[in-house]
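Have a look at query_7.pdb; it's PDB, C-alpha atoms:
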```pdb
ATOM      1  CA  MET A 120     -47.335  29.328 -38.385
ATOM      2  CA  LYS A 121     -44.756  29.919 -41.071
ATOM      3  CA  HIS A 122     -42.173  30.795 -38.425
ATOM      4  CA  VAL A 123     -42.364  27.328 -36.929
ATOM      5  CA  ARG A 124     -40.091  25.931 -39.633
ATOM      6  CA  TYR A 125     -37.390  28.394 -38.610
ATOM      7  CA  LEU A 126     -37.686  27.234 -35.017
ATOM      8  CA  VAL A 127     -36.605  23.699 -35.934
ATOM      9  CA  PRO A 128     -32.978  24.535 -36.925
ATOM     10  CA  MET A 129     -32.868  26.919 -33.987
ATOM     11  CA  GLY A 130     -33.895  24.089 -31.693
ATOM     12  CA  ILE A 131     -31.261  21.758 -33.160
ATOM     13  CA  LEU A 132     -28.639  24.475 -32.713
ATOM     14  CA  LEU A 133     -29.633  24.926 -29.065
ATOM     15  CA  VAL A 134     -29.354  21.178 -28.429
ATOM     16  CA  LEU A 135     -25.886  21.104 -30.039
ATOM     17  CA  LEU A 136     -24.844  24.157 -28.008
ATOM     18  CA  TYR A 137     -25.995  22.388 -24.854
ATOM     19  CA  PHE A 138     -23.830  19.364 -25.698
ATOM     20  CA  LEU A 139     -20.874  21.644 -26.419
ATOM     21  CA  TRP A 140     -21.353  23.434 -23.111
ATOM     22  CA  ALA A 141     -21.745  20.172 -21.185
ATOM     23  CA  GLY A 142     -18.654  18.766 -22.928
ATOM     24  CA  LEU A 143     -16.559  21.805 -22.119
ATOM     25  CA  SER A 144     -17.533  21.748 -18.454
ATOM     26  CA  LEU A 145     -16.319  18.149 -18.059
ATOM     27  CA  ASN A 146     -12.740  17.635 -16.959
ATOM     28  CA  PRO A 147     -11.055  15.143 -19.311
ATOM     29  CA  LYS A 148      -8.421  14.483 -16.647
ATOM     30  CA  GLU A 149     -11.078  12.873 -14.465
ATOM     31  CA  VAL A 150     -11.632   9.433 -15.891
ATOM     32  CA  PRO A 151     -14.345   7.556 -13.988
ATOM     33  CA  SER A 152     -12.791   4.588 -12.244
ATOM     34  CA  PRO A 153     -14.156   1.135 -13.062
ATOM     35  CA  LEU A 154     -13.118   0.127  -9.531
ATOM     36  CA  ILE A 155     -16.002   1.922  -7.804
ATOM     37  CA  GLY A 156     -18.268  -0.722  -6.277
ATOM     38  CA  LYS A 157     -15.569  -3.388  -6.641
ATOM     39  CA  PRO A 158     -13.372  -4.882  -3.926
ATOM     40  CA  ALA A 159     -10.153  -2.997  -3.232
ATOM     41  CA  PRO A 160      -7.249  -4.822  -4.871
ATOM     42  CA  MET A 161      -5.107  -7.156  -2.820
ATOM     43  CA  PHE A 162      -1.922  -5.675  -1.395
ATOM     44  CA  SER A 163       0.669  -6.312   1.277
ATOM     45  CA  LEU A 164       3.270  -3.589   1.596
ATOM     46  CA  PRO A 165       5.892  -2.507   4.124
ATOM     47  CA  ARG A 166       5.145   0.408   6.423
ATOM     48  CA  LEU A 167       7.009   3.552   5.505
ATOM     49  CA  ASP A 168       8.222   4.195   9.067
ATOM     50  CA  GLN A 169       8.841   0.530   9.984
ATOM     51  CA  PRO A 170       9.707  -1.362   6.798
ATOM     52  CA  GLU A 171       9.944  -4.679   8.634
ATOM     53  CA  GLN A 172       6.204  -4.485   9.332
ATOM     54  CA  ARG A 173       3.749  -5.067   6.545
ATOM     55  CA  ILE A 174       0.140  -3.977   6.162
ATOM     56  CA  SER A 175      -2.210  -5.948   3.962
ATOM     57  CA  ARG A 176      -5.652  -5.232   2.609
ATOM     58  CA  ASP A 177      -7.326  -7.925   4.652
ATOM     59  CA  GLU A 178      -6.062  -6.510   7.958
ATOM     60  CA  LEU A 179      -8.057  -3.357   7.261
ATOM     61  CA  ARG A 180     -11.342  -5.172   6.750
ATOM     62  CA  GLY A 181     -14.237  -4.509   9.113
ATOM     63  CA  GLN A 182     -13.719  -0.756   9.257
ATOM     64  CA  VAL A 183     -14.422   2.160   6.973
ATOM     65  CA  TRP A 184     -11.105   3.702   5.906
ATOM     66  CA  MET A 185      -9.563   6.082   3.437
ATOM     67  CA  LEU A 186      -6.536   5.536   1.255
ATOM     68  CA  ASN A 187      -4.656   8.642   0.206
ATOM     69  CA  VAL A 188      -2.035   8.242  -2.516
ATOM     70  CA  TRP A 189       0.836  10.679  -2.033
ATOM     71  CA  ALA A 190       4.500  11.263  -2.817
ATOM     72  CA  SER A 191       7.126  13.740  -1.725
ATOM     73  CA  TRP A 192       7.729  14.703  -5.387
ATOM     74  CA  CYS A 193       4.069  15.491  -5.933
ATOM     75  CA  VAL A 194       3.339  19.223  -5.953
ATOM     76  CA  ALA A 195      -0.435  18.909  -5.677
ATOM     77  CA  CYS A 196      -0.031  16.645  -2.621
ATOM     78  CA  ARG A 197       1.721  19.477  -0.867
ATOM     79  CA  GLN A 198      -1.221  21.718  -1.654
ATOM     80  CA  GLU A 199      -3.702  19.154  -0.324
ATOM     81  CA  HIS A 200      -1.704  18.205   2.751
ATOM     82  CA  PRO A 201      -2.742  20.879   5.305
ATOM     83  CA  LEU A 202      -6.383  19.974   4.689
ATOM     84  CA  LEU A 203      -5.664  16.284   5.363
ATOM     85  CA  VAL A 204      -3.715  17.099   8.527
ATOM     86  CA  GLN A 205      -6.596  19.207   9.791
ATOM     87  CA  TYR A 206      -9.183  16.631   8.771
ATOM     88  CA  ALA A 207      -7.337  13.777  10.465
ATOM     89  CA  LYS A 208      -7.494  15.670  13.782
ATOM     90  CA  GLN A 209     -11.276  15.960  13.780
ATOM     91  CA  SER A 210     -12.214  12.700  12.074
ATOM     92  CA  LYS A 211     -12.287   9.217  13.534
ATOM     93  CA  VAL A 212     -11.947   7.554  10.145
ATOM     94  CA  PRO A 213      -8.455   6.137   9.704
ATOM     95  CA  ILE A 214      -6.524   7.526   6.757
ATOM     96  CA  TYR A 215      -3.871   5.253   5.310
ATOM     97  CA  GLY A 216      -1.233   6.736   3.045
ATOM     98  CA  LEU A 217       0.088   5.001  -0.043
ATOM     99  CA  ASN A 218       3.528   6.484  -0.570
ATOM    100  CA  TYR A 219       3.676   6.097  -4.322
ATOM    101  CA  LYS A 220       6.969   5.658  -6.213
ATOM    102  CA  ASP A 221       8.908   7.586  -3.622
ATOM    103  CA  GLU A 222      12.232   7.333  -1.803
ATOM    104  CA  ARG A 223      11.712   6.218   1.768
ATOM    105  CA  ALA A 224      13.913   8.947   3.265
ATOM    106  CA  ALA A 225      12.249  11.661   1.181
ATOM    107  CA  GLY A 226       8.809  10.460   2.220
ATOM    108  CA  LEU A 227       9.690  10.403   5.924
ATOM    109  CA  GLN A 228      11.262  13.862   5.687
ATOM    110  CA  TRP A 229       8.143  15.165   3.985
ATOM    111  CA  LEU A 230       5.928  13.882   6.803
ATOM    112  CA  ALA A 231       8.294  15.363   9.379
ATOM    113  CA  ASN A 232       8.163  18.749   7.650
ATOM    114  CA  PHE A 233       4.483  19.049   6.865
ATOM    115  CA  GLY A 234       2.789  16.840   9.468
ATOM    116  CA  ASN A 235       1.544  13.273   9.416
ATOM    117  CA  PRO A 236      -2.217  12.803   9.050
ATOM    118  CA  TYR A 237      -1.909   9.080   8.394
ATOM    119  CA  THR A 238      -2.731   6.190  10.700
ATOM    120  CA  ALA A 239       0.099   4.572   8.764
ATOM    121  CA  SER A 240       1.737   4.994   5.399
ATOM    122  CA  ILE A 241       2.708   2.048   3.258
ATOM    123  CA  SER A 242       5.422   2.207   0.709
ATOM    124  CA  ASP A 243       4.711   1.345  -2.933
ATOM    125  CA  ARG A 244       8.235   1.776  -4.221
ATOM    126  CA  ASP A 245       7.731   0.469  -7.774
ATOM    127  CA  GLY A 246       4.132   1.628  -8.205
ATOM    128  CA  ARG A 247       2.587  -1.816  -8.712
ATOM    129  CA  VAL A 248      -0.113  -1.424  -6.074
ATOM    130  CA  GLY A 249      -0.751   2.014  -7.593
ATOM    131  CA  ILE A 250      -1.452   0.349 -10.948
ATOM    132  CA  ASP A 251      -3.810  -2.120  -9.243
ATOM    133  CA  PHE A 252      -5.724   0.840  -7.805
ATOM    134  CA  GLY A 253      -5.790   2.499 -11.243
ATOM    135  CA  VAL A 254      -3.744   5.444  -9.969
ATOM    136  CA  TYR A 255      -2.660   7.902 -12.650
ATOM    137  CA  GLY A 256      -2.783  11.346 -11.091
ATOM    138  CA  VAL A 257      -1.368  11.737  -7.607
ATOM    139  CA  PRO A 258      -2.862  12.695  -5.183
ATOM    140  CA  GLU A 259      -5.812  10.352  -5.259
ATOM    141  CA  THR A 260      -8.102   9.397  -2.400
ATOM    142  CA  PHE A 261     -10.251   6.290  -2.030
ATOM    143  CA  VAL A 262     -13.037   5.612   0.456
ATOM    144  CA  ILE A 263     -13.312   1.901   1.291
ATOM    145  CA  ASP A 264     -16.150   0.357   3.280
ATOM    146  CA  ARG A 265     -16.285  -2.373   5.936
ATOM    147  CA  GLU A 266     -16.516  -5.130   3.353
ATOM    148  CA  GLY A 267     -13.457  -3.808   1.536
ATOM    149  CA  ILE A 268     -15.455  -2.331  -1.376
ATOM    150  CA  ILE A 269     -14.211   0.917  -2.963
ATOM    151  CA  ARG A 270     -17.061   3.417  -2.655
ATOM    152  CA  TYR A 271     -15.501   6.652  -3.858
ATOM    153  CA  LYS A 272     -12.411   7.911  -5.630
ATOM    154  CA  GLN A 273     -11.149  11.460  -5.724
ATOM    155  CA  ILE A 274      -8.654  12.231  -8.491
ATOM    156  CA  GLY A 275      -6.419  15.166  -7.685
ATOM    157  CA  PRO A 276      -6.290  17.133  -4.433
ATOM    158  CA  LEU A 277      -9.142  17.000  -1.938
ATOM    159  CA  THR A 278     -10.902  20.290  -1.349
ATOM    160  CA  PRO A 279     -12.894  21.445   1.694
ATOM    161  CA  GLU A 280     -16.030  21.279  -0.506
ATOM    162  CA  VAL A 281     -15.431  17.663  -1.555
ATOM    163  CA  LEU A 282     -14.776  16.656   2.049
ATOM    164  CA  ARG A 283     -17.881  18.428   3.341
ATOM    165  CA  ASP A 284     -20.355  17.667   0.561
ATOM    166  CA  THR A 285     -19.288  14.232  -0.671
ATOM    167  CA  ILE A 286     -16.914  12.378   1.635
ATOM    168  CA  GLU A 287     -18.433  13.313   5.023
ATOM    169  CA  PRO A 288     -21.993  12.230   4.084
ATOM    170  CA  LEU A 289     -20.641   9.034   2.521
ATOM    171  CA  LEU A 290     -18.596   8.185   5.622
ATOM    172  CA  LYS A 291     -21.628   8.826   7.839
ATOM    173  CA  GLN A 292     -23.756   6.554   5.696
ATOM    174  CA  LEU A 293     -21.113   3.803   5.619
ATOM    175  CA  ASN A 294     -20.520   3.984   9.354
ATOM    176  CA  SER A 295     -24.201   3.894  10.339
TER     177      SER A 295
ATOM    178  CA  MET B 509      24.753  35.916 -25.466
ATOM    179  CA  ARG B 510      24.170  34.739 -21.978
ATOM    180  CA  ILE B 511      20.587  33.853 -22.809
ATOM    181  CA  ILE B 512      21.731  31.838 -25.806
ATOM    182  CA  LEU B 513      24.209  29.960 -23.648
ATOM    183  CA  ILE B 514      21.544  29.191 -21.089
ATOM    184  CA  ARG B 515      19.239  27.987 -23.824
ATOM    185  CA  CYS B 516      21.939  25.722 -25.218
ATOM    186  CA  PHE B 517      22.539  24.358 -21.774
ATOM    187  CA  ILE B 518      18.838  23.683 -21.202
ATOM    188  CA  SER B 519      18.373  21.909 -24.512
ATOM    189  CA  LEU B 520      21.538  19.897 -23.932
ATOM    190  CA  THR B 521      20.370  18.775 -20.484
ATOM    191  CA  CYS B 522      16.959  17.898 -21.897
ATOM    192  CA  ALA B 523      18.563  15.867 -24.650
ATOM    193  CA  LEU B 524      20.780  14.074 -22.142
ATOM    194  CA  ALA B 525      17.845  13.397 -19.826
ATOM    195  CA  GLY B 526      15.906  11.987 -22.783
ATOM    196  CA  ALA B 527      18.827   9.813 -23.788
ATOM    197  CA  SER B 528      19.283   8.444 -20.285
ATOM    198  CA  ALA B 529      15.544   7.730 -20.068
ATOM    199  CA  LEU B 530      15.819   5.787 -23.314
ATOM    200  CA  ALA B 531      18.858   3.946 -22.027
ATOM    201  CA  ALA B 532      17.026   2.985 -18.829
ATOM    202  CA  GLU B 533      14.117   1.750 -20.905
ATOM    203  CA  ALA B 534      16.447  -0.223 -23.172
ATOM    204  CA  LEU B 535      17.993  -1.889 -20.143
ATOM    205  CA  SER B 536      14.651  -3.049 -18.811
ATOM    206  CA  ALA B 537      13.543  -4.231 -22.232
ATOM    207  CA  SER B 538      14.264  -7.844 -22.947
ATOM    208  CA  ASP B 539      16.543  -8.869 -25.823
ATOM    209  CA  ASN B 540      13.780 -10.901 -27.398
ATOM    210  CA  PRO B 541      12.654  -9.012 -30.529
ATOM    211  CA  VAL B 542       9.456 -11.058 -30.938
ATOM    212  CA  LEU B 543       8.356 -10.230 -27.403
ATOM    213  CA  GLU B 544       9.271  -6.561 -27.824
ATOM    214  CA  ALA B 545       7.221  -6.385 -31.010
ATOM    215  CA  ARG B 546       4.198  -7.751 -29.138
ATOM    216  CA  VAL B 547       4.761  -5.302 -26.267
ATOM    217  CA  GLN B 548       4.952  -2.506 -28.822
ATOM    218  CA  LYS B 549       1.778  -3.680 -30.550
ATOM    219  CA  ILE B 550      -0.317  -3.806 -27.366
ATOM    220  CA  SER B 551       1.209  -0.596 -25.985
ATOM    221  CA  SER B 552       0.184   1.317 -29.079
ATOM    222  CA  GLU B 553      -3.448   0.321 -28.421
ATOM    223  CA  LEU B 554      -3.423   1.727 -24.887
ATOM    224  CA  ARG B 555      -3.866   5.337 -23.904
ATOM    225  CA  CYS B 556      -1.508   6.962 -21.424
ATOM    226  CA  LEU B 557      -3.756   8.539 -18.797
ATOM    227  CA  VAL B 558      -1.163  11.110 -17.773
ATOM    228  CA  CYS B 559      -0.722  12.556 -21.274
ATOM    229  CA  GLN B 560      -4.037  11.581 -22.763
ATOM    230  CA  ASN B 561      -3.299  12.012 -26.447
ATOM    231  CA  GLN B 562      -0.370   9.625 -26.426
ATOM    232  CA  THR B 563      -0.279   5.861 -26.338
ATOM    233  CA  ILE B 564       1.777   4.217 -23.635
ATOM    234  CA  ALA B 565       4.120   3.138 -26.441
ATOM    235  CA  ASP B 566       4.877   6.807 -27.308
ATOM    236  CA  SER B 567       4.846   8.346 -23.879
ATOM    237  CA  HIS B 568       7.828   8.875 -21.604
ATOM    238  CA  ALA B 569       5.633   9.506 -18.577
ATOM    239  CA  ASP B 570       6.563   7.437 -15.540
ATOM    240  CA  LEU B 571       3.247   5.657 -15.572
ATOM    241  CA  ALA B 572       3.633   4.711 -19.251
ATOM    242  CA  VAL B 573       7.067   3.203 -18.536
ATOM    243  CA  ASP B 574       5.553   1.205 -15.654
ATOM    244  CA  LEU B 575       2.641   0.032 -17.764
ATOM    245  CA  ARG B 576       4.954  -1.094 -20.575
ATOM    246  CA  ARG B 577       6.886  -3.075 -17.989
ATOM    247  CA  GLN B 578       3.610  -4.580 -16.793
ATOM    248  CA  VAL B 579       2.638  -5.553 -20.366
ATOM    249  CA  ARG B 580       6.077  -7.102 -20.936
ATOM    250  CA  GLU B 581       5.919  -9.122 -17.716
ATOM    251  CA  MET B 582       2.423 -10.382 -18.414
ATOM    252  CA  LEU B 583       3.401 -11.525 -21.913
ATOM    253  CA  GLN B 584       6.589 -13.113 -20.583
ATOM    254  CA  SER B 585       4.544 -15.111 -18.103
ATOM    255  CA  GLY B 586       2.547 -16.499 -21.023
ATOM    256  CA  GLN B 587      -0.631 -14.425 -20.773
ATOM    257  CA  THR B 588      -2.524 -13.603 -23.944
ATOM    258  CA  GLU B 589      -2.947 -10.147 -25.435
ATOM    259  CA  GLN B 590      -6.627 -10.223 -24.492
ATOM    260  CA  GLN B 591      -5.673 -10.888 -20.881
ATOM    261  CA  VAL B 592      -3.397  -7.835 -20.913
ATOM    262  CA  ILE B 593      -6.171  -5.666 -22.385
ATOM    263  CA  ASP B 594      -8.632  -6.974 -19.766
ATOM    264  CA  TYR B 595      -6.122  -6.251 -17.008
ATOM    265  CA  MET B 596      -5.783  -2.636 -18.118
ATOM    266  CA  THR B 597      -9.510  -1.991 -18.605
ATOM    267  CA  ALA B 598     -10.286  -3.510 -15.192
ATOM    268  CA  ARG B 599      -8.079  -0.806 -13.632
ATOM    269  CA  TYR B 600      -8.420   2.204 -15.887
ATOM    270  CA  GLY B 601     -11.720   1.616 -17.725
ATOM    271  CA  ASP B 602     -12.546   1.565 -21.431
ATOM    272  CA  PHE B 603     -10.945   4.993 -21.744
ATOM    273  CA  VAL B 604      -7.479   3.364 -21.945
ATOM    274  CA  LEU B 605      -8.453   1.661 -25.185
ATOM    275  CA  TYR B 606      -7.868   3.635 -28.353
ATOM    276  CA  ARG B 607     -10.515   1.400 -29.919
ATOM    277  CA  PRO B 608     -13.264   1.241 -27.295
ATOM    278  CA  PRO B 609     -15.595  -1.797 -27.394
ATOM    279  CA  PHE B 610     -19.101  -1.438 -28.798
ATOM    280  CA  LYS B 611     -21.643  -1.450 -25.976
ATOM    281  CA  ALA B 612     -24.616   0.560 -24.707
ATOM    282  CA  LEU B 613     -22.419   3.297 -23.229
ATOM    283  CA  THR B 614     -20.303   3.729 -26.368
ATOM    284  CA  ALA B 615     -23.046   3.092 -28.954
ATOM    285  CA  LEU B 616     -23.533   6.796 -29.715
ATOM    286  CA  LEU B 617     -19.787   7.179 -30.183
ATOM    287  CA  TRP B 618     -19.693   4.445 -32.826
ATOM    288  CA  VAL B 619     -23.062   4.998 -34.502
ATOM    289  CA  GLY B 620     -23.142   8.808 -34.157
ATOM    290  CA  PRO B 621     -21.274   9.766 -37.356
ATOM    291  CA  ALA B 622     -23.222   7.295 -39.530
ATOM    292  CA  LEU B 623     -26.449   8.535 -37.937
ATOM    293  CA  MET B 624     -25.562  12.124 -38.844
ATOM    294  CA  VAL B 625     -24.857  11.149 -42.477
ATOM    295  CA  VAL B 626     -28.173   9.263 -42.739
ATOM    296  CA  LEU B 627     -30.081  12.182 -41.207
ATOM    297  CA  GLY B 628     -28.396  14.677 -43.504
ATOM    298  CA  LEU B 629     -28.971  12.635 -46.677
ATOM    299  CA  GLY B 630     -32.559  11.945 -45.587
ATOM    300  CA  THR B 631     -33.268  15.645 -45.116
ATOM    301  CA  LEU B 632     -31.667  16.464 -48.459
ATOM    302  CA  PHE B 633     -33.727  13.771 -50.205
ATOM    303  CA  VAL B 634     -37.014  15.009 -48.673
ATOM    304  CA  VAL B 635     -36.280  18.635 -49.561
ATOM    305  CA  LEU B 636     -35.320  17.791 -53.165
ATOM    306  CA  ARG B 637     -38.378  15.599 -53.673
ATOM    307  CA  ARG B 638     -40.695  18.263 -52.341
ATOM    308  CA  ARG B 639     -39.164  20.831 -54.672
ATOM    309  CA  SER B 640     -39.393  18.585 -57.714
ATOM    310  CA  ARG B 641     -43.140  18.387 -57.185
ATOM    311  CA  LEU B 642     -43.616  22.125 -56.986
ATOM    312  CA  ALA B 643     -45.135  23.958 -59.939
ATOM    313  CA  ASP B 644     -42.897  26.182 -62.026
ATOM    314  CA  GLU B 645     -44.464  29.354 -60.625
ATOM    315  CA  ALA B 646     -43.027  28.532 -57.223
ATOM    316  CA  PHE B 647     -39.510  29.334 -58.435
ATOM    317  CA  GLU B 648     -37.960  32.620 -59.365
ATOM    318  CA  ALA B 649     -37.336  33.045 -63.039
ATOM    319  CA  ASP B 650     -33.831  32.250 -64.305
ATOM    320  CA  ASP B 651     -31.731  35.140 -65.572
ATOM    321  CA  ASN B 652     -32.030  34.209 -69.270
ATOM    322  CA  ASP B 653     -35.802  34.383 -68.987
ATOM    323  CA  ALA B 654     -35.520  37.862 -67.550
ATOM    324  CA  PRO B 655     -36.382  40.899 -69.666
ATOM    325  CA  HIS B 656     -33.538  42.470 -71.614
ATOM    326  CA  ASP B 657     -31.126  44.261 -69.265
ATOM    327  CA  PRO B 658     -29.466  47.244 -70.932
ATOM    328  CA  HIS B 659     -26.499  47.088 -68.556
ATOM    329  CA  LEU B 660     -25.487  43.672 -69.786
ATOM    330  CA  SER B 661     -25.286  44.442 -73.475
TER     331      SER B 661
END
```
For the file at hand, write its structure as structure tokens.
Amino acid sequence: MKHVRYLVPMGILLVLLYFLWAGLSLNPKEVPSPLIGKPAPMFSLPRLDQPEQRISRDELRGQVWMLNVWASWCVACRQEHPLLVQYAKQSKVPIYGLNYKDERAAGLQWLANFGNPYTASISDRDGRVGIDFGVYGVPETFVIDREGIIRYKQIGPLTPEVLRDTIEPLLKQLNS
Amino acid sequence: MRIILIRCFISLTCALAGASALAAEALSASDNPVLEARVQKISSELRCLVCQNQTIADSHADLAVDLRRQVREMLQSGQTEQQVIDYMTARYGDFVLYRPPFKALTALLWVGPALMVVLGLGTLFVVLRRRSRLADEAFEADDNDAPHDPHLS
């Protein structure tokens, strides 16, 4: 019975250790977006390949779609790209690219070199639409539903695991 | 020698790049000192999400430059400082605020330290009170009550 009083500090220590462990396993670079569950911000931007044509948010309503933020200067985008190219071949969900703070020629060259998984890319030259989407770490990927609500945001490169375990089930659920 | 030269070159280029970044920033800044002071004030309340321990006023990250421009434009168009703060939190969440608001999610953050002090003082108080009620026999004798120690004399 006397040992019980020694168990109390031990217990407190274990709780604190748990918090430390949980804190260390979180990634501080991944800030939860307040935009999840909210309507995608308004935009109307020129297409990267045909600047005289514009694509706006409201045109994309009525379908489930993904928005992938990329740039030719972005190293992690390059790492993610083959996965997107492969995914676009097998998936029916349209992927739109937001070419973020990039030169048009550099962006087009990049797509020519590494493949184009996008239904279309739109060009956000000065990064204003990026700010509206709360973009801070390219690449980022958003899943947007039929009503135009943002349902998921991936910060940093997509991985096969994220696609398989999170995005695929979500897309299935949204499309059913 | 060669290494030293290369190092000089690198630091010189860095310095030049920094200077040109400052120059570009100065160009986009308006020549209205009152406005700039307000931009500076709000910017130093906002966290740069790219380099998380800097405010967007301190940071030279691309995003910070863009966000300062955004703040400046919003103020120029007559919006209040609260509107600018709301604009930023709507996009990046409470995490952009160096002084997060008090609400259910952040309660532990604000109350936590005070709670720890209260708990600690409370425990100390209870322990001291309990001891003060103990009989003298419960304590070890002090040294001066101890029998004569030949080694000390």
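Evaluated on this file, the PyMOL selection byres ((chain B) within 9 of (chain A)) matches Cys556, Leu557, Val558, Gln560, Leu571, Asp574, Leu575, Gln578, Met596, Thr597, Ala598, Arg599, Tyr600, Gly601, Asp602 and Phe603 of chain B.
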Can you check which parts of region 562-581 of chain B lie within 12 Å of region 585-592 of chain B? Per residue, the shortest pair of atoms and distance in Å to one decimal, counting only C-alpha atoms, sorted by chain and number, as CSV.
```
residue,atom,partner,partner_atom,distance
B:Leu575,CA,B:Val592,CA,10.4
B:Arg576,CA,B:Val592,CA,10.7
B:Arg577,CA,B:Val592,CA,11.7
B:Gln578,CA,B:Val592,CA,8.8
B:Val579,CA,B:Val592,CA,6.5
B:Arg580,CA,B:Ser585,CA,8.6
B:Glu581,CA,B:Ser585,CA,6.2
```
*Would you mind reading off the distance between CA of Arg546 (chain B) and CA of Gln584 (chain B), one decimal, in Å?*
10.4 Å
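Here CA of Leu227 (chain A) is placed at a distance of 7.4 Å from CA of Leu167 (chain A).
Here CA of Tyr137 (chain A) stands at a distance of 19.6 Å from CA of Thr614 (chain B).
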_Contacts of region 564-570 of chain B at 9 Å (all atoms listed in the file; same-chain gap of 5+ positions) as number ranges by chain_ = B: 526, 529-530, 547-559, 575-576
*Name the residues captured by the PyMOL selection byres ((chain A and resi 290) around 9) when it is applied to the shown file; answer as JSON, numbers by chain.*
{"A": [183, 184, 212, 262, 264, 285, 286, 287, 288, 289, 291, 292, 293, 294, 295]}
